[in-house]
Amino acid sequence: MAKTNVLKGVFLVAIGASSYGMLATFVRMAYDENYTTAEVTTAQFVLGITGLLLINLFQKIKNKNTGRKASPKNIFHLMLAGTSMGMTSLFYYLAVRYIPVSIGIVMLMQTVWMGVLLEYFLDKKLPSKQKVLAVVIVLIGTALATNILQNEVILDWRGLVFGIFAAASFTTTMFTANRVATEISSAQRSLFMLLGGAVIVFTFAAVTQISPFNLEIFAKWGIILALFGTIIPPMLMNAGFPLTGIGLGSIVSALELPISVLMAYILLNEQVVFLQWLGIVLIILAIVLMNIRLKSS
């Protein structure tokens, strides 16, 4: 039974991570149709919140209103934690406006070394040699995956900066998501975090959207973005991580990286050379190294 639950968890996390990996390609395709970042994020969050409200209503009816409800304190903490989710979406989508999707996802994966750094500051404990080695591998993999070793490759600095900001926000989201109000259902947690993120997204839209808002984004890309960005990944990963554990779950969630690059390669015709694939493999190996237990000598 335990083995079955772990396999179920692996499947849930894999689907969730793969869904999130597809997201940036869809965003880039929306950009190609002249939709703005404000329109893309607003449509994603509005329809995402609507979908999660319906899911929560369904669960409430199914459980005959007996499930544990979020307290006002839970709601406040989750919405506060969700602001980093909103910033992750904004920074990530701004990044892929200026740099290829295959590079954007690599920048987002800098969460590996940022997580080690955050852990050090929070726990006041030096990272193990295993984690330090993983960070070094990530940095080498990043140099290869972004193809910066080729002199003729020029990446827009704005995309790289937004990518780093996205990784920092995502690191915060991962830490808070696993520590805040874990006693209530994943659907409730996802909804309130999304509401917190919506505050950031809607504020950004109000400030930056100069031209009339193109409502066609809701029908054209909104549903796809909501499903693959704000409904499927948090729901499945929140349900899968307790079954796999953080270590195995983190390894499986690394699927997001190759899926994102493959989608960009297939749908956007982005060129991905051998050195970039090597860098991606190194980053995945570093994530595995971070989350396995090595026998002490």
# chains A, B, ... in the order shown; residues from 1 in each chain; ligands from 1
>>> select_by_dssp(residues="region 127-226 of chain A", states="alpha helix (DSSP H)", output="VMD selection string")
chain A and resid 129 to 145 157 to 177 186 to 208 216 to 217 223 to 226
>>> closest_atom_pairs(of="region 87-199 of chain A", to="region 253-268 of chain A", cutoff="8 Å", atoms="only C-alpha atoms", output="JSON lines")
{"residue": "A:Val101", "atom": "CA", "partner": "A:Ala264", "partner_atom": "CA", "distance": 6.2}
{"residue": "A:Ser102", "atom": "CA", "partner": "A:Val261", "partner_atom": "CA", "distance": 4.7}
{"residue": "A:Ile105", "atom": "CA", "partner": "A:Leu257", "partner_atom": "CA", "distance": 6.3}
{"residue": "A:Val106", "atom": "CA", "partner": "A:Leu257", "partner_atom": "CA", "distance": 7.2}
{"residue": "A:Met109", "atom": "CA", "partner": "A:Leu257", "partner_atom": "CA", "distance": 7.7}
>>> write_last_selection(atoms="C-alpha atoms", output="PDB file, in the first residue's frame")
ATOM      1  CA  VAL A 101      11.960  30.122 -23.129  1.00  0.00           C
ATOM      2  CA  SER A 102      14.718  27.498 -22.929  1.00  0.00           C
ATOM      3  CA  ILE A 105      13.445  28.016 -17.398  1.00  0.00           C
ATOM      4  CA  VAL A 106      17.164  27.614 -16.680  1.00  0.00           C
ATOM      5  CA  MET A 109      16.056  26.697 -11.805  1.00  0.00           C
TER       6      MET A 109
END
>>> residues_around(residues="Trp277 (chain A)", least_positions_apart="6", cutoff="10 Å", atoms="only C-alpha atoms", output="list in words")
Gly141, Leu144, Ala145, Thr146, Asn147, Pro258, Val261 and Ile283 of chain A
>>> write_last_selection(atoms="C-alpha atoms", output="mmCIF file, in the first residue's frame")
data_model
loop_
_atom_site.group_PDB
_atom_site.id
_atom_site.type_symbol
_atom_site.label_atom_id
_atom_site.label_comp_id
_atom_site.auth_asym_id
_atom_site.auth_seq_id
_atom_site.Cartn_x
_atom_site.Cartn_y
_atom_site.Cartn_z
ATOM 1 C CA GLY A 141 25.140 23.598 -15.795
ATOM 2 C CA LEU A 144 26.333 25.584 -20.393
ATOM 3 C CA ALA A 145 22.529 25.701 -20.608
ATOM 4 C CA THR A 146 22.442 29.451 -21.272
ATOM 5 C CA ASN A 147 25.184 28.970 -23.895
ATOM 6 C CA PRO A 258 13.405 19.258 -19.908
ATOM 7 C CA VAL A 261 12.941 23.125 -23.238
ATOM 8 C CA ILE A 283 21.173 20.860 -13.377
#
>>> residues_around(residues="Pro234 (chain A)", least_positions_apart="3", cutoff="10 Å", atoms="only C-alpha atoms", output="MDAnalysis selection string")
chainID A and resid 13 16:17 20 177 186:187 189:191 193:194 228:231 237:240
>>> write_last_selection(atoms="N, CA, C and O atoms", output="PDB file, in the first residue's frame")
ATOM      1  N   VAL A  13       3.026  14.463  -8.964  1.00  0.00           N
ATOM      2  CA  VAL A  13       4.067  15.494  -9.031  1.00  0.00           C
ATOM      3  C   VAL A  13       4.596  15.631 -10.462  1.00  0.00           C
ATOM      4  O   VAL A  13       4.834  16.736 -10.954  1.00  0.00           O
ATOM      5  N   GLY A  16       2.065  17.498 -12.557  1.00  0.00           N
ATOM      6  CA  GLY A  16       2.053  18.898 -12.133  1.00  0.00           C
ATOM      7  C   GLY A  16       3.264  19.661 -12.649  1.00  0.00           C
ATOM      8  O   GLY A  16       3.145  20.767 -13.183  1.00  0.00           O
ATOM      9  N   ALA A  17       4.452  19.061 -12.504  1.00  0.00           N
ATOM     10  CA  ALA A  17       5.687  19.710 -12.957  1.00  0.00           C
ATOM     11  C   ALA A  17       5.718  19.848 -14.477  1.00  0.00           C
ATOM     12  O   ALA A  17       6.148  20.873 -15.016  1.00  0.00           O
ATOM     13  N   TYR A  20       3.518  22.735 -15.563  1.00  0.00           N
ATOM     14  CA  TYR A  20       4.158  24.033 -15.349  1.00  0.00           C
ATOM     15  C   TYR A  20       5.274  24.256 -16.363  1.00  0.00           C
ATOM     16  O   TYR A  20       5.538  25.377 -16.779  1.00  0.00           O
ATOM     17  N   ALA A 177       5.078  27.515   0.913  1.00  0.00           N
ATOM     18  CA  ALA A 177       4.008  26.590   0.541  1.00  0.00           C
ATOM     19  C   ALA A 177       4.060  25.302   1.355  1.00  0.00           C
ATOM     20  O   ALA A 177       3.023  24.678   1.624  1.00  0.00           O
ATOM     21  N   SER A 186      -5.467  20.873  -0.042  1.00  0.00           N
ATOM     22  CA  SER A 186      -4.611  21.507  -1.054  1.00  0.00           C
ATOM     23  C   SER A 186      -5.409  22.482  -1.913  1.00  0.00           C
ATOM     24  O   SER A 186      -4.873  23.493  -2.375  1.00  0.00           O
ATOM     25  N   ALA A 187      -6.703  22.190  -2.118  1.00  0.00           N
ATOM     26  CA  ALA A 187      -7.543  23.085  -2.932  1.00  0.00           C
ATOM     27  C   ALA A 187      -7.726  24.427  -2.233  1.00  0.00           C
ATOM     28  O   ALA A 187      -7.653  25.486  -2.867  1.00  0.00           O
ATOM     29  N   ARG A 189      -5.687  25.716   0.094  1.00  0.00           N
ATOM     30  CA  ARG A 189      -4.376  26.362   0.154  1.00  0.00           C
ATOM     31  C   ARG A 189      -4.043  27.015  -1.191  1.00  0.00           C
ATOM     32  O   ARG A 189      -3.574  28.147  -1.251  1.00  0.00           O
ATOM     33  N   SER A 190      -4.306  26.285  -2.275  1.00  0.00           N
ATOM     34  CA  SER A 190      -4.022  26.815  -3.607  1.00  0.00           C
ATOM     35  C   SER A 190      -4.872  28.053  -3.895  1.00  0.00           C
ATOM     36  O   SER A 190      -4.379  29.041  -4.460  1.00  0.00           O
ATOM     37  N   LEU A 191      -6.144  28.022  -3.490  1.00  0.00           N
ATOM     38  CA  LEU A 191      -7.048  29.143  -3.747  1.00  0.00           C
ATOM     39  C   LEU A 191      -6.580  30.407  -3.034  1.00  0.00           C
ATOM     40  O   LEU A 191      -6.480  31.476  -3.648  1.00  0.00           O
ATOM     41  N   MET A 193      -3.629  31.130  -1.745  1.00  0.00           N
ATOM     42  CA  MET A 193      -2.335  31.597  -2.246  1.00  0.00           C
ATOM     43  C   MET A 193      -2.513  32.323  -3.577  1.00  0.00           C
ATOM     44  O   MET A 193      -1.860  33.338  -3.847  1.00  0.00           O
ATOM     45  N   LEU A 194      -3.427  31.816  -4.386  1.00  0.00           N
ATOM     46  CA  LEU A 194      -3.701  32.440  -5.678  1.00  0.00           C
ATOM     47  C   LEU A 194      -4.337  33.821  -5.496  1.00  0.00           C
ATOM     48  O   LEU A 194      -4.025  34.760  -6.234  1.00  0.00           O
ATOM     49  N   PHE A 228      -2.679  25.244 -16.894  1.00  0.00           N
ATOM     50  CA  PHE A 228      -1.286  24.803 -16.805  1.00  0.00           C
ATOM     51  C   PHE A 228      -0.448  25.631 -15.833  1.00  0.00           C
ATOM     52  O   PHE A 228       0.656  25.227 -15.472  1.00  0.00           O
ATOM     53  N   GLY A 229      -0.981  26.791 -15.400  1.00  0.00           N
ATOM     54  CA  GLY A 229      -0.196  27.635 -14.507  1.00  0.00           C
ATOM     55  C   GLY A 229      -0.705  27.746 -13.096  1.00  0.00           C
ATOM     56  O   GLY A 229       0.095  27.806 -12.157  1.00  0.00           O
ATOM     57  N   THR A 230      -2.039  27.746 -12.905  1.00  0.00           N
ATOM     58  CA  THR A 230      -2.559  28.031 -11.565  1.00  0.00           C
ATOM     59  C   THR A 230      -3.530  26.981 -11.004  1.00  0.00           C
ATOM     60  O   THR A 230      -3.934  27.095  -9.849  1.00  0.00           O
ATOM     61  N   ILE A 231      -3.895  26.009 -11.804  1.00  0.00           N
ATOM     62  CA  ILE A 231      -4.824  24.983 -11.302  1.00  0.00           C
ATOM     63  C   ILE A 231      -4.139  23.621 -11.192  1.00  0.00           C
ATOM     64  O   ILE A 231      -4.005  23.060 -10.093  1.00  0.00           O
ATOM     65  N   MET A 237       0.700  18.975  -7.228  1.00  0.00           N
ATOM     66  CA  MET A 237       1.943  18.936  -6.461  1.00  0.00           C
ATOM     67  C   MET A 237       1.668  19.017  -4.961  1.00  0.00           C
ATOM     68  O   MET A 237       2.357  18.380  -4.164  1.00  0.00           O
ATOM     69  N   ASN A 238       0.649  19.774  -4.562  1.00  0.00           N
ATOM     70  CA  ASN A 238       0.269  19.811  -3.143  1.00  0.00           C
ATOM     71  C   ASN A 238      -0.253  18.455  -2.682  1.00  0.00           C
ATOM     72  O   ASN A 238      -0.073  18.064  -1.531  1.00  0.00           O
ATOM     73  N   ALA A 239      -0.909  17.732  -3.604  1.00  0.00           N
ATOM     74  CA  ALA A 239      -1.428  16.402  -3.270  1.00  0.00           C
ATOM     75  C   ALA A 239      -0.330  15.339  -3.349  1.00  0.00           C
ATOM     76  O   ALA A 239      -0.346  14.357  -2.603  1.00  0.00           O
ATOM     77  N   GLY A 240       0.632  15.526  -4.259  1.00  0.00           N
ATOM     78  CA  GLY A 240       1.659  14.516  -4.479  1.00  0.00           C
ATOM     79  C   GLY A 240       2.825  14.558  -3.512  1.00  0.00           C
ATOM     80  O   GLY A 240       3.347  13.514  -3.109  1.00  0.00           O
TER      81      GLY A 240
END
>>> closest_residue(among="A:Ile103, A:Ile61, A:Leu225, A:Val10", to="Glu270 (chain A)", atoms="only C-alpha atoms")
A:Ile103
>>> atom_distance(atom1="CA of Leu195 (chain A)", atom2="CA of Ser89 (chain A)")
13.3 Å
>>> closest_residue(among="A:Val96, A:Phe165, A:Lys73, A:Met174", to="Glu119 (chain A)", atoms="only C-alpha atoms")
A:Met174
>>> closest_residue(among="A:Leu118, A:Ala219, A:Pro100, A:Tyr93", to="Val272 (chain A)", atoms="only C-alpha atoms")
A:Pro100
>>> residues_around(residues="Tyr98 (chain A)", least_positions_apart="2", cutoff="8 Å", atoms="only C-alpha atoms", output="ChimeraX atom specification")
/A:94-96,100,156,158-159
>>> closest_residue(among="A:Ala43, A:Met87, A:Ile251, A:Leu53", to="Met290 (chain A)", atoms="only C-alpha atoms")
A:Ile251
>>> atom_distance(atom1="CA of Ile217 (chain A)", atom2="CA of Arg97 (chain A)")
16.8 Å
>>> residues_around(residues="Arg179 (chain A)", least_positions_apart="6", cutoff="12 Å", atoms="only C-alpha atoms", output="list in words")
Asn74, His77, Leu78, Ala81, Thr172, Thr173, Arg189, Asn238 and Ile246 of chain A
>>> write_last_selection(atoms="N, CA and C atoms", output="tab-separated table (two decimals), in the first residue's frame")
chain	number	residue	atom	x	y	z
A	74	ASN	N	-5.20	31.35	8.89
A	74	ASN	CA	-4.72	30.55	7.75
A	74	ASN	C	-4.82	31.35	6.46
A	77	HIS	N	-2.18	34.17	6.25
A	77	HIS	CA	-0.83	33.65	6.02
A	77	HIS	C	-0.67	33.10	4.59
A	78	LEU	N	-1.72	32.42	4.11
A	78	LEU	CA	-1.65	31.85	2.76
A	78	LEU	C	-1.65	32.96	1.69
A	81	ALA	N	1.73	34.50	1.70
A	81	ALA	CA	2.67	33.61	1.01
A	81	ALA	C	2.42	33.63	-0.50
A	172	THR	N	11.02	31.57	-2.48
A	172	THR	CA	10.18	31.97	-1.34
A	172	THR	C	8.86	31.20	-1.34
A	173	THR	N	8.27	31.05	-2.54
A	173	THR	CA	7.00	30.31	-2.66
A	173	THR	C	7.15	28.87	-2.20
A	189	ARG	N	-5.69	25.72	0.09
A	189	ARG	CA	-4.38	26.36	0.15
A	189	ARG	C	-4.04	27.01	-1.19
A	238	ASN	N	0.65	19.77	-4.56
A	238	ASN	CA	0.27	19.81	-3.14
A	238	ASN	C	-0.25	18.46	-2.68
A	246	ILE	N	9.56	15.30	0.44
A	246	ILE	CA	10.18	16.45	-0.21
A	246	ILE	C	11.31	16.02	-1.15
>>> residues_around(residues="Leu215 (chain A)", least_positions_apart="6", cutoff="10 Å", atoms="only C-alpha atoms", output="PyMOL selection string")
chain A and resi 35+39+43+222
>>> write_last_selection(atoms="N, CA, C and O atoms", output="PDB file, in the first residue's frame")
ATOM      1  N   TYR A  35      -0.386  40.099 -27.227  1.00  0.00           N
ATOM      2  CA  TYR A  35      -0.970  40.291 -25.902  1.00  0.00           C
ATOM      3  C   TYR A  35       0.123  40.757 -24.947  1.00  0.00           C
ATOM      4  O   TYR A  35       1.296  40.401 -25.095  1.00  0.00           O
ATOM      5  N   GLU A  39      -2.133  41.453 -19.578  1.00  0.00           N
ATOM      6  CA  GLU A  39      -3.292  40.703 -20.075  1.00  0.00           C
ATOM      7  C   GLU A  39      -3.123  39.210 -19.823  1.00  0.00           C
ATOM      8  O   GLU A  39      -4.066  38.527 -19.392  1.00  0.00           O
ATOM      9  N   ALA A  43      -5.587  37.291 -17.084  1.00  0.00           N
ATOM     10  CA  ALA A  43      -6.454  36.209 -17.559  1.00  0.00           C
ATOM     11  C   ALA A  43      -6.151  34.912 -16.817  1.00  0.00           C
ATOM     12  O   ALA A  43      -7.075  34.186 -16.418  1.00  0.00           O
ATOM     13  N   GLY A 222      -6.493  32.367 -21.973  1.00  0.00           N
ATOM     14  CA  GLY A 222      -6.749  32.383 -20.532  1.00  0.00           C
ATOM     15  C   GLY A 222      -6.971  31.018 -19.907  1.00  0.00           C
ATOM     16  O   GLY A 222      -6.391  30.685 -18.863  1.00  0.00           O
TER      17      GLY A 222
END
>>> atom_distance(atom1="CA of Ala14 (chain A)", atom2="CA of Val252 (chain A)")
5.8 Å
>>> closest_residue(among="A:Leu80, A:Ile223, A:Leu126, A:Leu12", to="Phe26 (chain A)", atoms="only C-alpha atoms")
A:Ile223
>>> closest_residue(among="A:Ala38, A:Ala167, A:Leu160, A:Leu248", to="Phe213 (chain A)", atoms="only C-alpha atoms")
A:Ala38
